[in-house]
Amino acid sequence: MKNKRYIIITLLALLALGSSCGREKFEKSIYDIVEPRLDELAQWVRDSFVTPYNIEVLYRWEDMETDMSHNLVPPTQSRVKRFLQMVKISFIDTYVRLVGKNVVNPIFPKQLLLLGTGAFSSDGTISLGTADAGKKIILYNVDEYYSHSKSRDTIRKFVHTMHHEFMHILNQQKAYQLAFKKITPASYTISWFNESETSALTAGFVTPYAMAEPDEDIAETFSNYVDHSQTEWDNLLSRAPASGRALIQKKVEMVRTYMEEAWHIDMDALRDLIQQSIQEVASGNF
Amino acid sequence: MKTREILWLLPLFSLFARCTVQEDYIFEESATARIKAYITACQTVITQPEHGWKVLFEPNKQSLGGYHVVMKFHEDGSVRMVCDFLEEESTSTYSFNESQGAVLCMDSYSALHYLSDPRVPRNGILGVGLEGEFEFVIKEVTPDSMVFFGKKRGEPVVFYPAEEADWTGRMALYRNHIEKMAPQEDSPFFRALTMNQTAINLVYDPPTRTIIYTYSDDKSKQILSAWTRVYGTEEGVRFSPAIRVNGVVLDQLRYNNTTHLFEVGTPGVVGSLRYSNTPPFPFYNSLDMLQARSTFACTPLVGSISGSLTSIIDFIEALMGGHSIYMTSELQFGYRALVMAGMKQFRIIWDIDGKGPWFSFYGAKNAISEAQYSLSYKLNMEVLRDSRDQVRFTWTDERQTNDAEFATAMVQQPGFAAFRTFIIDPAGFTIVPSSNERFYLVNLNDSKRWLLLSKE
């Protein structure tokens, strides 16, 4: 009797399985899955960024990728390649040469968004770069770079921005030491733009912008260290009073430790490579 | 019931749960398929006209004029453009996307982006641009027109099929005419537009394509100002709204290629637009109008002030080059835009303590900060005629500063010396009201030397 009951239940179950709905036909996808035709620039970007480093580069305007509160425009397309050559030589290649592709590929930003102008704010400040969610870096002012791409100061300004934003990306993936925030805790200010270089150096910051908050402080400390040659760095420190200089040096040591322990990157070796890359970009021989 | 029996019964529930309920769909296709089909149709329409599309952009009818653009869209995603505000023809790219419905996006820099570019100064300020659009939400598409609204600001935009003439010369003609409205280099300051017996002073602002005109009102005997938008035409320029002065209405000017003058084209109205070194009429009581508003900053729209420093940009560059002690690394790296965007380096403060104007220089130890340090000199002012529209200034040694180091550095600036020389020119100035908020100081001997004051 018991077995009979199981047989009936089993038959009912099989009936249920067999009484399923009509079969769906998998027809042509409603999405556009055709491989896009790549023009010369797109192919170069694919060969130089996408394939080797898994970095998507957006140089055409993309819906929802930017902040609507700013007036922004895409870069002039004919100026994109020269800018990206600089990005590759003085940003990507420096890390790859130092620690290898396998180490840095996972930590590189996965998306670079290029814009033609800076982001002008009503307080008179202009954003030159932003980092988002550990994955995306926005680089502004591509058109300006094109016009002054042989100038070492211009190159250094953009190199500074990239490494500054990359430090944010790194911090978004692995937090830096809490102790860093305690070196100059009382000197951070939202009105950093009212500070001079002298007052920043006196208070233990490499730039006025570093006074904005600890995250900007560590990004500025790192990017200024690597975009300055040793002589330039010594000059910068010499303009700071002893107390400010000691604080900055303490921060540099902490950044050096962070880069070494968290990412196995020798900050001084990196600086040497970046200095070489700035010369290479300025020479135009690439 | 035992657990095993319950488990066996579970498939029975699928009898009721597995099938999807038959519904009557409103549309035969999914939303994605429909918008894709719509975009495909738009793609077909937009590439259809032989000579492309033309559009008159009026980004903001409250403060900007009109800008013509002609575009030919190609199936490969490229778009060719000519316009009446840039000389070069450009080729860029476009695409369609789905965000607020179907959206046409000019996705690489083109003439259209120029109108959105924050680097284009608006009243001397960077960041705002000309309120253009380069993403357009599609509202209606027919072979005769494509109706959009701008994604950022929501203003309607209509494309109409273009003609061959739009490519072969019409845009160039528009641009040529409208450029002739701009103050010509080395021309006197005043542009007197006579309409029958009435003269008005006309000031054209090239980036915004707008005119502020000033006239003496017959009825009230007051100096009045009004504003209008300017559009390029094949014959010259047109105004909207029309210029209305003492009963005369003027909505267009024709450019005479023989006389090189704009002439009044309205039937029954005779006149022309000419440069003049002398004011077309007394700007009655403009000094009092100016003094009623205490503080004025000089804007980057300043005109010619001396042989060596021709604009505020030169002045700022002199500042940058002269005293790096007040410059940050941003300035050394050439962030001129930072300076131009937020700098208030000098201003004239009128009527402090009821004693007359002070000429103040403001500076900061960081280029992007609000000016914290100041150096002010008191000026004596002499009214030159009864109409109270012409004055002369003399310098006094009475001064105030909140930072001695800043004051010492500032008086050594070539820009400071240039402005001092400019303001105490013994010839004096005509005070020309441009609006309630803007006044020109125009040198009486040489009208090419002028300064624009804007209310803070």
# chains A, B, ... in the order shown; residues from 1 in each chain; ligands from 1

call {"tool": "select_by_dssp", "arguments": {"residues": "segment 11-200 of chain A", "states": "helix (DSSP H, G or I)", "output": "PyMOL selection string"}}
result
chain A and resi 11-18+40-53+77-99+101-104+142-147+152-173+178-181+185-187+192-194+197-200

call {"tool": "residues_around", "arguments": {"residues": "Leu98 of chain A", "least_positions_apart": "4", "cutoff": "10 Å", "atoms": "only C-alpha atoms", "output": "MDAnalysis selection string"}}
result
chainID A and resid 93:94 103:104 264:267 269:270 273

call {"tool": "closest_residue", "arguments": {"among": "B:Arg119, B:Lys139, B:His113, B:Arg449", "to": "Ala119 of chain A", "atoms": "only C-alpha atoms"}}
result
B:Arg119

call {"tool": "residues_around", "arguments": {"residues": "Lys81 of chain A", "least_positions_apart": "5", "cutoff": "10 Å", "atoms": "only C-alpha atoms", "output": "mmCIF file with N, CA and C atoms, in the first residue's frame"}}
result
data_model
loop_
_atom_site.group_PDB
_atom_site.id
_atom_site.type_symbol
_atom_site.label_atom_id
_atom_site.label_comp_id
_atom_site.auth_asym_id
_atom_site.auth_seq_id
_atom_site.Cartn_x
_atom_site.Cartn_y
_atom_site.Cartn_z
ATOM 1 N N LEU A 41 42.338 54.890 -34.573
ATOM 2 C CA LEU A 41 42.550 55.269 -33.167
ATOM 3 C C LEU A 41 42.009 54.194 -32.227
ATOM 4 N N ALA A 42 40.812 53.720 -32.522
ATOM 5 C CA ALA A 42 40.201 52.698 -31.662
ATOM 6 C C ALA A 42 41.040 51.424 -31.646
ATOM 7 N N TRP A 44 44.273 51.300 -32.133
ATOM 8 C CA TRP A 44 45.492 51.599 -31.364
ATOM 9 C C TRP A 44 45.193 51.533 -29.859
ATOM 10 N N VAL A 45 44.049 52.071 -29.476
ATOM 11 C CA VAL A 45 43.659 52.034 -28.060
ATOM 12 C C VAL A 45 43.482 50.590 -27.615
ATOM 13 N N TYR A 59 37.027 57.964 -24.897
ATOM 14 C CA TYR A 59 37.405 59.295 -25.374
ATOM 15 C C TYR A 59 36.285 59.933 -26.182
ATOM 16 N N MET A 86 51.297 59.759 -23.775
ATOM 17 C CA MET A 86 51.888 60.261 -22.536
ATOM 18 C C MET A 86 51.406 59.427 -21.340
ATOM 19 N N VAL A 87 50.115 59.105 -21.333
ATOM 20 C CA VAL A 87 49.565 58.291 -20.241
ATOM 21 C C VAL A 87 50.273 56.939 -20.183
ATOM 22 N N TYR A 146 47.511 68.856 -25.427
ATOM 23 C CA TYR A 146 47.940 68.795 -26.826
ATOM 24 C C TYR A 146 48.698 70.060 -27.227
#

call {"tool": "select_by_dssp", "arguments": {"residues": "segment 399-429 of chain B", "states": "strand (DSSP E or B)", "output": "VMD selection string"}}
result
chain B and resid 399 to 401 429

call {"tool": "write_last_selection", "arguments": {"atoms": "N, CA and C atoms", "output": "PDB file, in the first residue's frame"}}
result
ATOM      1  N   ARG B 399      46.422 106.308   1.324  1.00  0.00           N
ATOM      2  CA  ARG B 399      46.258 104.914   0.946  1.00  0.00           C
ATOM      3  C   ARG B 399      45.979 104.028   2.156  1.00  0.00           C
ATOM      4  N   GLN B 400      45.426 102.870   1.887  1.00  0.00           N
ATOM      5  CA  GLN B 400      45.150 101.887   2.939  1.00  0.00           C
ATOM      6  C   GLN B 400      45.608 100.519   2.447  1.00  0.00           C
ATOM      7  N   THR B 401      46.156  99.739   3.360  1.00  0.00           N
ATOM      8  CA  THR B 401      46.524  98.356   3.006  1.00  0.00           C
ATOM      9  C   THR B 401      46.425  97.473   4.242  1.00  0.00           C
ATOM     10  N   PHE B 429      37.397 111.049 -18.623  1.00  0.00           N
ATOM     11  CA  PHE B 429      36.604 109.944 -19.182  1.00  0.00           C
ATOM     12  C   PHE B 429      35.142 110.330 -19.380  1.00  0.00           C
TER      13      PHE B 429
END

call {"tool": "residues_around", "arguments": {"residues": "segment 233-244 of chain A", "least_positions_apart": "3", "cutoff": "8 Å", "atoms": "only C-alpha atoms", "output": "list in words"}}
result
Thr198, Leu201, Thr202, Ala203, Gly204, Phe205, Tyr225, His228, Ser229, Gln230, Leu247 and Ile248 of chain A

call {"tool": "write_last_selection", "arguments": {"atoms": "C-alpha atoms", "output": "PDB file, in the first residue's frame"}}
result
ATOM      1  CA  THR A 198      54.251  78.741   2.331  1.00  0.00           C
ATOM      2  CA  LEU A 201      54.679  73.795   3.872  1.00  0.00           C
ATOM      3  CA  THR A 202      54.752  75.359   7.311  1.00  0.00           C
ATOM      4  CA  ALA A 203      51.856  73.199   8.442  1.00  0.00           C
ATOM      5  CA  GLY A 204      53.454  70.027   7.065  1.00  0.00           C
ATOM      6  CA  PHE A 205      51.751  69.696   3.664  1.00  0.00           C
ATOM      7  CA  TYR A 225      57.283  63.010  -4.493  1.00  0.00           C
ATOM      8  CA  HIS A 228      59.761  65.791  -8.574  1.00  0.00           C
ATOM      9  CA  SER A 229      63.363  64.879  -9.191  1.00  0.00           C
ATOM     10  CA  GLN A 230      65.468  64.526  -6.043  1.00  0.00           C
ATOM     11  CA  LEU A 247      56.070  66.431   9.188  1.00  0.00           C
ATOM     12  CA  ILE A 248      56.281  66.100   5.414  1.00  0.00           C
TER      13      ILE A 248
END

call {"tool": "closest_residue", "arguments": {"among": "A:Thr257, A:Gln77, A:Gln177, A:Asn224", "to": "chain B", "atoms": "only C-alpha atoms"}}
result
A:Gln77

call {"tool": "residues_around", "arguments": {"residues": "Tyr284 of chain B", "least_positions_apart": "3", "cutoff": "12 Å", "atoms": "only C-alpha atoms", "output": "PyMOL selection string"}}
result
chain B and resi 214-217+220-224+279-281+287-290+385-390+430-433

call {"tool": "residues_around", "arguments": {"residues": "Trp53 of chain B", "least_positions_apart": "6", "cutoff": "7 Å", "atoms": "only C-alpha atoms", "output": "PDB file with N, CA and C atoms, in the first residue's frame"}}
result
ATOM      1  N   VAL B  70      25.181  73.808 -39.867  1.00  0.00           N
ATOM      2  CA  VAL B  70      24.721  72.892 -40.911  1.00  0.00           C
ATOM      3  C   VAL B  70      25.491  71.582 -40.750  1.00  0.00           C
ATOM      4  N   MET B  71      24.760  70.471 -40.783  1.00  0.00           N
ATOM      5  CA  MET B  71      25.383  69.175 -40.491  1.00  0.00           C
ATOM      6  C   MET B  71      24.983  68.133 -41.529  1.00  0.00           C
ATOM      7  N   LYS B  72      25.940  67.357 -41.978  1.00  0.00           N
ATOM      8  CA  LYS B  72      25.651  66.227 -42.862  1.00  0.00           C
ATOM      9  C   LYS B  72      26.072  64.949 -42.137  1.00  0.00           C
ATOM     10  N   PHE B 159      15.848  70.574 -36.335  1.00  0.00           N
ATOM     11  CA  PHE B 159      16.681  70.442 -37.535  1.00  0.00           C
ATOM     12  C   PHE B 159      15.750  70.510 -38.754  1.00  0.00           C
ATOM     13  N   TYR B 160      16.162  71.274 -39.756  1.00  0.00           N
ATOM     14  CA  TYR B 160      15.442  71.299 -41.028  1.00  0.00           C
ATOM     15  C   TYR B 160      16.409  70.885 -42.138  1.00  0.00           C
ATOM     16  N   PRO B 161      15.887  70.298 -43.226  1.00  0.00           N
ATOM     17  CA  PRO B 161      16.787  69.929 -44.327  1.00  0.00           C
ATOM     18  C   PRO B 161      17.542  71.147 -44.858  1.00  0.00           C
ATOM     19  N   ALA B 162      18.832  70.973 -45.058  1.00  0.00           N
ATOM     20  CA  ALA B 162      19.661  72.079 -45.532  1.00  0.00           C
ATOM     21  C   ALA B 162      19.651  72.131 -47.054  1.00  0.00           C
TER      22      ALA B 162
END

call {"tool": "residues_around", "arguments": {"residues": "Ser151 of chain A", "least_positions_apart": "3", "cutoff": "12 Å", "atoms": "only C-alpha atoms", "output": "PyMOL selection string"}}
result
(chain A and resi 144-148+154-158+278-284) or (chain B and resi 333-334)

call {"tool": "write_last_selection", "arguments": {"atoms": "C-alpha atoms", "output": "PDB file, in the first residue's frame"}}
result
ATOM      1  CA  GLU A 144      45.228  71.743 -23.157  1.00  0.00           C
ATOM      2  CA  TYR A 145      47.842  69.010 -23.052  1.00  0.00           C
ATOM      3  CA  TYR A 146      47.940  68.795 -26.826  1.00  0.00           C
ATOM      4  CA  SER A 147      48.792  72.459 -27.127  1.00  0.00           C
ATOM      5  CA  HIS A 148      51.760  72.230 -24.739  1.00  0.00           C
ATOM      6  CA  THR A 154      52.834  70.648 -18.704  1.00  0.00           C
ATOM      7  CA  ILE A 155      53.793  66.995 -18.879  1.00  0.00           C
ATOM      8  CA  ARG A 156      54.631  66.998 -15.191  1.00  0.00           C
ATOM      9  CA  LYS A 157      51.285  68.575 -14.355  1.00  0.00           C
ATOM     10  CA  PHE A 158      49.430  65.770 -16.109  1.00  0.00           C
ATOM     11  CA  ILE A 278      58.855  62.732 -18.428  1.00  0.00           C
ATOM     12  CA  GLN A 279      62.084  63.264 -20.355  1.00  0.00           C
ATOM     13  CA  GLU A 280      61.006  60.699 -22.928  1.00  0.00           C
ATOM     14  CA  VAL A 281      57.618  62.321 -23.445  1.00  0.00           C
ATOM     15  CA  ALA A 282      59.146  65.791 -23.649  1.00  0.00           C
ATOM     16  CA  SER A 283      61.586  64.594 -26.284  1.00  0.00           C
ATOM     17  CA  GLY A 284      58.737  63.347 -28.420  1.00  0.00           C
TER      18      GLY A 284
ATOM     19  CA  PHE B 333      52.408  75.426 -14.159  1.00  0.00           C
ATOM     20  CA  GLY B 334      50.408  77.794 -16.240  1.00  0.00           C
TER      21      GLY B 334
END
